[in-house]
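Q: Contents of input_5.tsv (TSV, N, CA and C atoms):
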chain	number	residue	atom	x	y	z
X	115	MET	N	210.22	85.69	253.79
X	115	MET	CA	208.88	85.51	253.33
X	115	MET	C	208.12	86.82	253.46
X	116	ASP	N	208.49	87.59	254.38
X	116	ASP	CA	207.88	88.88	254.61
X	116	ASP	C	208.09	89.79	253.40
X	117	SER	N	209.26	89.73	252.81
X	117	SER	CA	209.54	90.55	251.64
X	117	SER	C	208.71	90.10	250.44
X	118	ILE	N	208.46	88.85	250.35
X	118	ILE	CA	207.63	88.33	249.25
X	118	ILE	C	206.19	88.80	249.44
X	119	ASP	N	205.73	88.79	250.65
X	119	ASP	CA	204.36	89.25	250.92
X	119	ASP	C	204.24	90.73	250.59
X	120	LYS	N	205.28	91.51	250.97
X	120	LYS	CA	205.25	92.94	250.67
X	120	LYS	C	205.25	93.17	249.16
X	121	LEU	N	206.08	92.43	248.47
X	121	LEU	CA	206.16	92.56	247.01
X	121	LEU	C	204.83	92.17	246.37
X	122	LEU	N	204.24	91.12	246.85
X	122	LEU	CA	202.95	90.66	246.33
X	122	LEU	C	201.87	91.70	246.60
X	123	ALA	N	201.85	92.27	247.76
X	123	ALA	CA	200.87	93.29	248.11
X	123	ALA	C	201.06	94.52	247.24
X	124	GLN	N	202.31	94.88	246.99
X	124	GLN	CA	202.60	96.04	246.15
X	124	GLN	C	202.13	95.81	244.72
X	125	LEU	N	202.42	94.66	244.20
X	125	LEU	CA	201.98	94.32	242.84
X	125	LEU	C	200.45	94.32	242.74
X	126	GLN	N	199.83	93.79	243.75
X	126	GLN	CA	198.37	93.73	243.75
X	126	GLN	C	197.79	95.14	243.78
X	127	THR	N	198.36	96.02	244.56
X	127	THR	CA	197.90	97.41	244.64
X	127	THR	C	198.09	98.11	243.30
X	128	GLU	N	199.24	97.93	242.68
X	128	GLU	CA	199.49	98.54	241.37
X	128	GLU	C	198.52	98.00	240.32
X	129	TYR	N	198.28	96.73	240.37
X	129	TYR	CA	197.37	96.10	239.41
X	129	TYR	C	195.97	96.66	239.55
X	130	GLN	N	195.51	96.83	240.78
X	130	GLN	CA	194.18	97.37	241.02
X	130	GLN	C	194.08	98.82	240.59
X	131	GLU	N	195.14	99.58	240.69
X	131	GLU	CA	195.12	100.97	240.24
X	131	GLU	C	195.13	101.05	238.71
X	132	VAL	N	195.88	100.17	238.07
X	132	VAL	CA	195.98	100.18	236.60
X	132	VAL	C	194.69	99.67	235.96
X	133	GLN	N	194.10	98.70	236.54
X	133	GLN	CA	192.90	98.08	235.95
X	133	GLN	C	191.74	99.08	235.82
X	134	PRO	N	191.39	99.88	236.82
X	134	PRO	CA	190.30	100.86	236.62
X	134	PRO	C	190.64	101.89	235.55
X	135	LYS	N	191.89	102.30	235.45
X	135	LYS	CA	192.29	103.26	234.43
X	135	LYS	C	192.09	102.67	233.03
X	136	GLN	N	192.42	101.40	232.86
X	136	GLN	CA	192.25	100.75	231.57
X	136	GLN	C	190.77	100.62	231.22
X	137	GLN	N	189.95	100.31	232.20
X	137	GLN	CA	188.52	100.19	231.95
X	137	GLN	C	187.92	101.54	231.56
X	138	GLN	N	188.38	102.59	232.22
X	138	GLN	CA	187.88	103.92	231.89
X	138	GLN	C	188.30	104.32	230.47
X	139	SER	N	189.51	104.01	230.10
X	139	SER	CA	189.98	104.38	228.78
X	139	SER	C	189.36	103.52	227.69
X	140	LYS	N	188.98	102.31	227.98
X	140	LYS	CA	188.36	101.42	226.99
X	140	LYS	C	186.88	101.72	226.80
X	141	SER	N	186.20	102.20	227.78
X	141	SER	CA	184.76	102.41	227.72
X	141	SER	C	184.33	103.31	226.58
X	142	PRO	N	184.92	104.51	226.40
X	142	PRO	CA	184.46	105.36	225.29
X	142	PRO	C	184.69	104.71	223.93
X	143	ILE	N	185.75	104.01	223.79
X	143	ILE	CA	186.03	103.34	222.52
X	143	ILE	C	185.01	102.24	222.28
X	144	ALA	N	184.73	101.50	223.30
X	144	ALA	CA	183.79	100.40	223.15
X	144	ALA	C	182.40	100.92	222.83
X	145	LYS	N	182.06	102.07	223.35
X	145	LYS	CA	180.74	102.63	223.09
X	145	LYS	C	180.63	103.22	221.69
X	146	SER	N	181.72	103.80	221.19
X	146	SER	CA	181.65	104.47	219.90
X	146	SER	C	181.80	103.51	218.72
X	147	VAL	N	182.53	102.45	218.89
X	147	VAL	CA	182.72	101.51	217.80
X	147	VAL	C	182.19	100.15	218.24
X	148	ILE	N	181.07	99.76	217.65
X	148	ILE	CA	180.50	98.46	217.98
X	148	ILE	C	180.69	97.57	216.77
X	149	LEU	N	181.53	96.61	216.92
X	149	LEU	CA	181.78	95.69	215.84
X	149	LEU	C	180.76	94.57	215.89
X	150	PRO	N	180.19	94.21	214.74
X	150	PRO	CA	179.20	93.13	214.76
X	150	PRO	C	179.87	91.81	215.08
X	151	SER	N	179.25	91.12	215.96
X	151	SER	CA	179.78	89.80	216.30
X	151	SER	C	179.28	88.80	215.27
X	152	PRO	N	179.90	87.65	215.20
X	152	PRO	CA	179.43	86.63	214.26
X	152	PRO	C	177.97	86.26	214.49
X	153	LYS	N	177.53	86.34	215.75
X	153	LYS	CA	176.13	86.03	216.04
X	153	LYS	C	175.21	87.06	215.42
X	154	SER	N	175.59	88.36	215.52
X	154	SER	CA	174.71	89.39	214.96
X	154	SER	C	174.72	89.35	213.44
X	155	ALA	N	175.84	89.01	212.82
X	155	ALA	CA	175.88	88.87	211.35
X	155	ALA	C	174.95	87.74	210.92
X	156	SER	N	174.98	86.66	211.67
X	156	SER	CA	174.09	85.55	211.37
X	156	SER	C	172.63	85.97	211.57
X	157	PHE	N	172.40	86.74	212.60
X	157	PHE	CA	171.05	87.23	212.87
X	157	PHE	C	170.57	88.12	211.72
X	158	LEU	N	171.46	89.00	211.25
X	158	LEU	CA	171.10	89.88	210.13
X	158	LEU	C	170.82	89.07	208.87
X	159	ASP	N	171.62	88.05	208.62
X	159	ASP	CA	171.40	87.19	207.46
X	159	ASP	C	170.04	86.50	207.57
X	160	ASN	N	169.75	86.01	208.77
X	160	ASN	CA	168.46	85.34	208.98
X	160	ASN	C	167.31	86.32	208.81
X	161	LEU	N	167.48	87.53	209.34
X	161	LEU	CA	166.46	88.55	209.22
X	161	LEU	C	166.23	88.93	207.76
X	162	LEU	N	167.32	89.09	207.03
X	162	LEU	CA	167.23	89.41	205.60
X	162	LEU	C	166.52	88.28	204.84
X	163	ALA	N	166.88	87.06	205.14
X	163	ALA	CA	166.25	85.92	204.48
X	163	ALA	C	164.76	85.87	204.80
X	164	GLU	N	164.42	86.21	206.04
X	164	GLU	CA	163.02	86.21	206.45
X	164	GLU	C	162.24	87.30	205.71
X	165	VAL	N	162.83	88.48	205.59
X	165	VAL	CA	162.18	89.58	204.87
X	165	VAL	C	162.01	89.22	203.39
X	166	GLN	N	163.04	88.63	202.81
X	166	GLN	CA	162.95	88.21	201.40
X	166	GLN	C	161.87	87.16	201.23
X	167	ALA	N	161.78	86.23	202.18
X	167	ALA	CA	160.75	85.19	202.10
X	167	ALA	C	159.36	85.82	202.22
X	168	ASP	N	159.22	86.82	203.09
X	168	ASP	CA	157.94	87.51	203.23
X	168	ASP	C	157.55	88.21	201.92
X	169	PHE	N	158.51	88.89	201.30
X	169	PHE	CA	158.22	89.54	200.02
X	169	PHE	C	157.87	88.52	198.94
X	170	ALA	N	158.59	87.42	198.91
X	170	ALA	CA	158.30	86.38	197.92
X	170	ALA	C	156.91	85.80	198.15
X	171	GLU	N	156.55	85.61	199.40
X	171	GLU	CA	155.23	85.08	199.73
X	171	GLU	C	154.14	86.08	199.33
X	172	GLU	N	154.39	87.35	199.59
X	172	GLU	CA	153.44	88.39	199.21
X	172	GLU	C	153.30	88.46	197.69
X	173	ASP	N	154.42	88.38	196.97
X	173	ASP	CA	154.38	88.39	195.51
X	173	ASP	C	153.60	87.19	194.98
X	174	ALA	N	153.83	86.03	195.60
X	174	ALA	CA	153.12	84.82	195.18
X	174	ALA	C	151.62	84.96	195.43
X	175	ALA	N	151.25	85.56	196.55
X	175	ALA	CA	149.84	85.76	196.86
X	175	ALA	C	149.20	86.73	195.86
X	176	ILE	N	149.92	87.78	195.50
X	176	ILE	CA	149.41	88.74	194.52
X	176	ILE	C	149.24	88.07	193.16
X	177	GLU	N	150.22	87.28	192.77
X	177	GLU	CA	150.16	86.57	191.48
X	177	GLU	C	149.00	85.57	191.48
X	178	LEU	N	148.81	84.86	192.58
X	178	LEU	CA	147.70	83.91	192.68
X	178	LEU	C	146.37	84.63	192.55
X	179	LYS	N	146.25	85.76	193.22
X	179	LYS	CA	145.01	86.55	193.15
X	179	LYS	C	144.77	87.02	191.72
X	180	ARG	N	145.84	87.46	191.05
X	180	ARG	CA	145.71	87.92	189.67
X	180	ARG	C	145.27	86.77	188.76
X	181	GLN	N	145.85	85.61	188.96
X	181	GLN	CA	145.48	84.44	188.16
X	181	GLN	C	144.02	84.06	188.40
X	182	GLN	N	143.59	84.13	189.67
X	182	GLN	CA	142.20	83.80	189.99
X	182	GLN	C	141.26	84.81	189.34
X	183	GLU	N	141.63	86.08	189.36
X	183	GLU	CA	140.79	87.10	188.72
X	183	GLU	C	140.71	86.87	187.22
X	184	LEU	N	141.84	86.52	186.60
X	184	LEU	CA	141.84	86.23	185.16
X	184	LEU	C	140.95	85.03	184.86
X	185	GLU	N	141.03	84.00	185.70
X	185	GLU	CA	140.21	82.80	185.49
X	185	GLU	C	138.72	83.13	185.65
X	186	GLN	N	138.40	83.95	186.65
X	186	GLN	CA	137.00	84.36	186.84
X	186	GLN	C	136.51	85.17	185.65
X	187	GLU	N	137.35	86.03	185.13
X	187	GLU	CA	136.97	86.84	183.96
X	187	GLU	C	136.76	85.93	182.73
X	188	ARG	N	137.64	84.94	182.58
X	188	ARG	CA	137.49	84.00	181.46
X	188	ARG	C	136.17	83.24	181.57
X	189	ILE	N	135.85	82.78	182.78
X	189	ILE	CA	134.59	82.04	183.00
X	189	ILE	C	133.40	82.96	182.73
X	190	ARG	N	133.50	84.21	183.20
X	190	ARG	CA	132.41	85.16	182.96
X	190	ARG	C	132.20	85.40	181.47
X	191	GLN	N	133.31	85.52	180.72
X	191	GLN	CA	133.22	85.72	179.28
X	191	GLN	C	132.58	84.51	178.60
X	192	GLU	N	132.96	83.32	179.05
X	192	GLU	CA	132.37	82.10	178.47
X	192	GLU	C	130.87	82.03	178.75
X	193	GLN	N	130.49	82.40	179.98
X	193	GLN	CA	129.06	82.40	180.32
X	193	GLN	C	128.31	83.42	179.48
X	194	LEU	N	128.92	84.58	179.27
X	194	LEU	CA	128.30	85.61	178.45
X	194	LEU	C	128.12	85.12	177.01
X	195	LYS	N	129.14	84.47	176.47
X	195	LYS	CA	129.04	83.93	175.10
X	195	LYS	C	127.96	82.86	175.01
X	196	ALA	N	127.87	82.02	176.04
X	196	ALA	CA	126.84	80.98	176.05
X	196	ALA	C	125.44	81.60	176.09
X	197	LYS	N	125.27	82.66	176.88
X	197	LYS	CA	123.98	83.36	176.93
X	197	LYS	C	123.63	83.96	175.59
X	198	GLN	N	124.64	84.60	174.97
X	198	GLN	CA	124.41	85.22	173.66
X	198	GLN	C	124.05	84.17	172.63
X	199	LEU	N	124.71	83.01	172.70
X	199	LEU	CA	124.40	81.94	171.76
X	199	LEU	C	122.98	81.42	171.96
X	200	GLU	N	122.56	81.30	173.22
X	200	GLU	CA	121.19	80.85	173.49
X	200	GLU	C	120.18	81.85	172.95
X	201	ALA	N	120.48	83.13	173.16
X	201	ALA	CA	119.57	84.17	172.64
X	201	ALA	C	119.53	84.13	171.11
X	202	LEU	N	120.68	83.89	170.50
X	202	LEU	CA	120.76	83.80	169.04
X	202	LEU	C	120.00	82.57	168.53
X	203	LYS	N	120.04	81.48	169.28
X	203	LYS	CA	119.30	80.28	168.90
X	203	LYS	C	117.80	80.55	168.88
X	204	VAL	N	117.35	81.28	169.90
X	204	VAL	CA	115.92	81.62	169.97
X	204	VAL	C	115.55	82.49	168.77
X	205	GLN	N	116.39	83.48	168.48
X	205	GLN	CA	116.12	84.35	167.32
X	205	GLN	C	116.13	83.54	166.03
X	206	ALA	N	117.09	82.60	165.92
X	206	ALA	CA	117.20	81.79	164.70
X	206	ALA	C	115.97	80.91	164.53
X	207	LYS	N	115.47	80.34	165.62
X	207	LYS	CA	114.26	79.50	165.53
X	207	LYS	C	113.06	80.33	165.09
X	208	VAL	N	112.95	81.54	165.65
X	208	VAL	CA	111.85	82.45	165.26
X	208	VAL	C	111.98	82.81	163.79
X	209	TRP	N	113.19	83.13	163.37
X	209	TRP	CA	113.43	83.51	161.97
X	209	TRP	C	113.10	82.36	161.03
X	210	LEU	N	113.56	81.14	161.41
X	210	LEU	CA	113.27	79.97	160.56
X	210	LEU	C	111.78	79.73	160.45
X	211	ALA	N	111.04	79.95	161.53
X	211	ALA	CA	109.59	79.75	161.49
X	211	ALA	C	108.91	80.78	160.59
X	212	LYS	N	109.48	81.97	160.51
X	212	LYS	CA	108.87	83.04	159.73
X	212	LYS	C	109.25	83.04	158.26
X	213	VAL	N	110.42	82.52	157.92
X	213	VAL	CA	110.90	82.62	156.54
X	213	VAL	C	110.05	81.73	155.62
X	214	ASP	N	109.68	82.30	154.51
X	214	ASP	CA	108.91	81.54	153.51
X	214	ASP	C	109.90	80.77	152.65
X	215	PRO	N	109.83	79.42	152.65
X	215	PRO	CA	110.81	78.63	151.90
X	215	PRO	C	110.75	78.87	150.39
X	216	LEU	N	109.64	79.40	149.87
X	216	LEU	CA	109.52	79.61	148.43
X	216	LEU	C	109.86	81.05	148.03
X	217	SER	N	110.14	81.92	149.03
X	217	SER	CA	110.53	83.29	148.70
X	217	SER	C	111.99	83.30	148.26
X	218	SER	N	112.42	84.44	147.71
X	218	SER	CA	113.81	84.51	147.27
X	218	SER	C	114.76	84.35	148.45
X	219	GLU	N	114.39	84.93	149.60
X	219	GLU	CA	115.23	84.77	150.79
X	219	GLU	C	115.23	83.32	151.24
X	220	GLY	N	114.08	82.67	151.22
X	220	GLY	CA	113.97	81.27	151.62
X	220	GLY	C	114.77	80.36	150.71
X	221	LEU	N	114.69	80.60	149.39
X	221	LEU	CA	115.44	79.78	148.43
X	221	LEU	C	116.95	80.00	148.60
X	222	TRP	N	117.30	81.28	148.81
X	222	TRP	CA	118.72	81.57	149.02
X	222	TRP	C	119.21	80.87	150.28
X	223	PHE	N	118.39	80.92	151.34
X	223	PHE	CA	118.80	80.32	152.61
X	223	PHE	C	118.95	78.81	152.46
X	224	GLU	N	118.11	78.16	151.68
X	224	GLU	CA	118.22	76.70	151.48
X	224	GLU	C	119.59	76.36	150.90
X	225	ARG	N	120.05	77.14	149.92
X	225	ARG	CA	121.38	76.90	149.33
X	225	ARG	C	122.48	77.21	150.35
X	226	PHE	N	122.29	78.30	151.12
X	226	PHE	CA	123.26	78.69	152.13
X	226	PHE	C	123.38	77.60	153.21
X	227	ALA	N	122.26	76.99	153.59
X	227	ALA	CA	122.22	76.01	154.68
X	227	ALA	C	122.84	74.68	154.29
X	228	GLU	N	123.04	74.43	153.00
X	228	GLU	CA	123.60	73.15	152.56
X	228	GLU	C	125.01	72.92	153.12
X	229	SER	N	125.75	73.97	153.38
X	229	SER	CA	127.12	73.81	153.86
X	229	SER	C	127.19	73.68	155.40
X	230	TYR	N	126.04	73.69	156.07
X	230	TYR	CA	126.01	73.55	157.53
X	230	TYR	C	125.37	72.23	157.91
X	231	SER	N	125.64	71.81	159.14
X	231	SER	CA	125.11	70.52	159.61
X	231	SER	C	123.61	70.57	159.88
X	232	SER	N	123.08	71.76	160.16
X	232	SER	CA	121.64	71.90	160.38
X	232	SER	C	121.19	73.29	159.93
X	233	LYS	N	119.89	73.40	159.70
X	233	LYS	CA	119.35	74.69	159.31
X	233	LYS	C	119.45	75.68	160.46
X	234	LEU	N	119.33	75.19	161.69
X	234	LEU	CA	119.44	76.06	162.85
X	234	LEU	C	120.84	76.67	162.93
X	235	GLU	N	121.86	75.85	162.71
X	235	GLU	CA	123.25	76.35	162.73
X	235	GLU	C	123.45	77.38	161.61
X	236	ALA	N	122.88	77.12	160.44
X	236	ALA	CA	122.99	78.06	159.32
X	236	ALA	C	122.26	79.36	159.65
X	237	ALA	N	121.11	79.27	160.29
X	237	ALA	CA	120.34	80.47	160.64
X	237	ALA	C	121.10	81.29	161.69
X	238	ILE	N	121.72	80.61	162.64
X	238	ILE	CA	122.52	81.32	163.65
X	238	ILE	C	123.65	82.08	162.96
X	239	GLN	N	124.34	81.43	162.06
X	239	GLN	CA	125.45	82.09	161.36
X	239	GLN	C	124.93	83.26	160.51
X	240	TYR	N	123.81	83.05	159.86
X	240	TYR	CA	123.21	84.09	159.03
X	240	TYR	C	122.85	85.33	159.88
X	241	LEU	N	122.26	85.09	161.05
X	241	LEU	CA	121.90	86.20	161.94
X	241	LEU	C	123.14	86.89	162.51
X	242	ARG	N	124.16	86.11	162.80
X	242	ARG	CA	125.44	86.70	163.29
X	242	ARG	C	126.02	87.64	162.24
X	243	ASN	N	126.00	87.19	161.00
X	243	ASN	CA	126.58	87.99	159.92
X	243	ASN	C	125.78	89.25	159.66
X	244	ASN	N	124.49	89.23	159.94
X	244	ASN	CA	123.64	90.38	159.68
X	244	ASN	C	123.46	91.30	160.88
X	245	GLU	N	124.14	91.05	161.97
X	245	GLU	CA	124.02	91.92	163.15
X	245	GLU	C	124.76	93.21	162.96
Just give me the structure as structure tokens.
A:
Amino acid sequence: MDSIDKLLAQLQTEYQEVQPKQQQSKSPIAKSVILPSPKSASFLDNLLAEVQADFAEEDAAIELKRQQELEQERIRQEQLKAKQLEALKVQAKVWLAKVDPLSSEGLWFERFAESYSSKLEAAIQYLRNNE
């Protein structure tokens, strides 16, 4: 049994001497070449998906802002047209009050107004055409 203990002690000593040498030789290799683990690949995929989602969200926000600006511009244009129409109505009423129905312009306007639903609408169109 003594010989077995000696053999076991010898093997253990050799193993302990070999093990530090292997660790020393593996360390530089392990430091210079880092292989991505499956966890890090998954992490990179998740990170990439997150960045893509952020860009998509930013693009959607920019598009929404652009659409809102277009809608505001459309509303502004409609309000401007409505104001212009109101101003034209006032001018048309003033013009209708001033026009002499028996003058050549008045007689011409009577014939012109026959194709419109009202004299005011005809006067508005007449003033638009003469601007």
Q: Tell me, in Å to one decimal, how far CA of Leu178 (chain X) is from CA of Asn160 (chain X).
A: 26.4 Å
Q: May I ask for the distance between atom C of Ala236 (chain X) and CA of Phe223 (chain X), given in Å to one decimal place?
A: 7.9 Å
Q: If I take atom C of Ser232 (chain X) and atom N of Trp209 (chain X), how far is one from the other in Å, to one decimal?
A: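 Atom C of Ser232 (chain X) sits 13.1 Å away from atom N of Trp209 (chain X).
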Q: At a cut-off of 12 Å around the point (119.5, 76.4, 153.2) (file coordinates), what residues fall inside when counting only C-alpha atoms? I'd like the answer as a list of chain:residue names.
A: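 Those residues, ordered by chain and then number, are X:Leu210, X:Val213, X:Asp214, X:Pro215, X:Leu216, X:Ser218, X:Glu219, X:Gly220, X:Leu221, X:Trp222, X:Phe223, X:Glu224, X:Arg225, X:Phe226, X:Ala227, X:Glu228, X:Ser229, X:Tyr230, X:Ser231, X:Ser232, X:Lys233, X:Leu234, X:Glu235, X:Ala236, X:Ala237, X:Ile238, X:Gln239, X:Tyr240.
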Q: Considering only N, CA and C atoms, state which residue in the set X:Ala123, X:Leu158, X:Leu202, X:Ala167 is at the smallest distance from Arg242 (chain X).
A: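 With only N, CA and C atoms as the atom set, the closest residue is X:Leu202.
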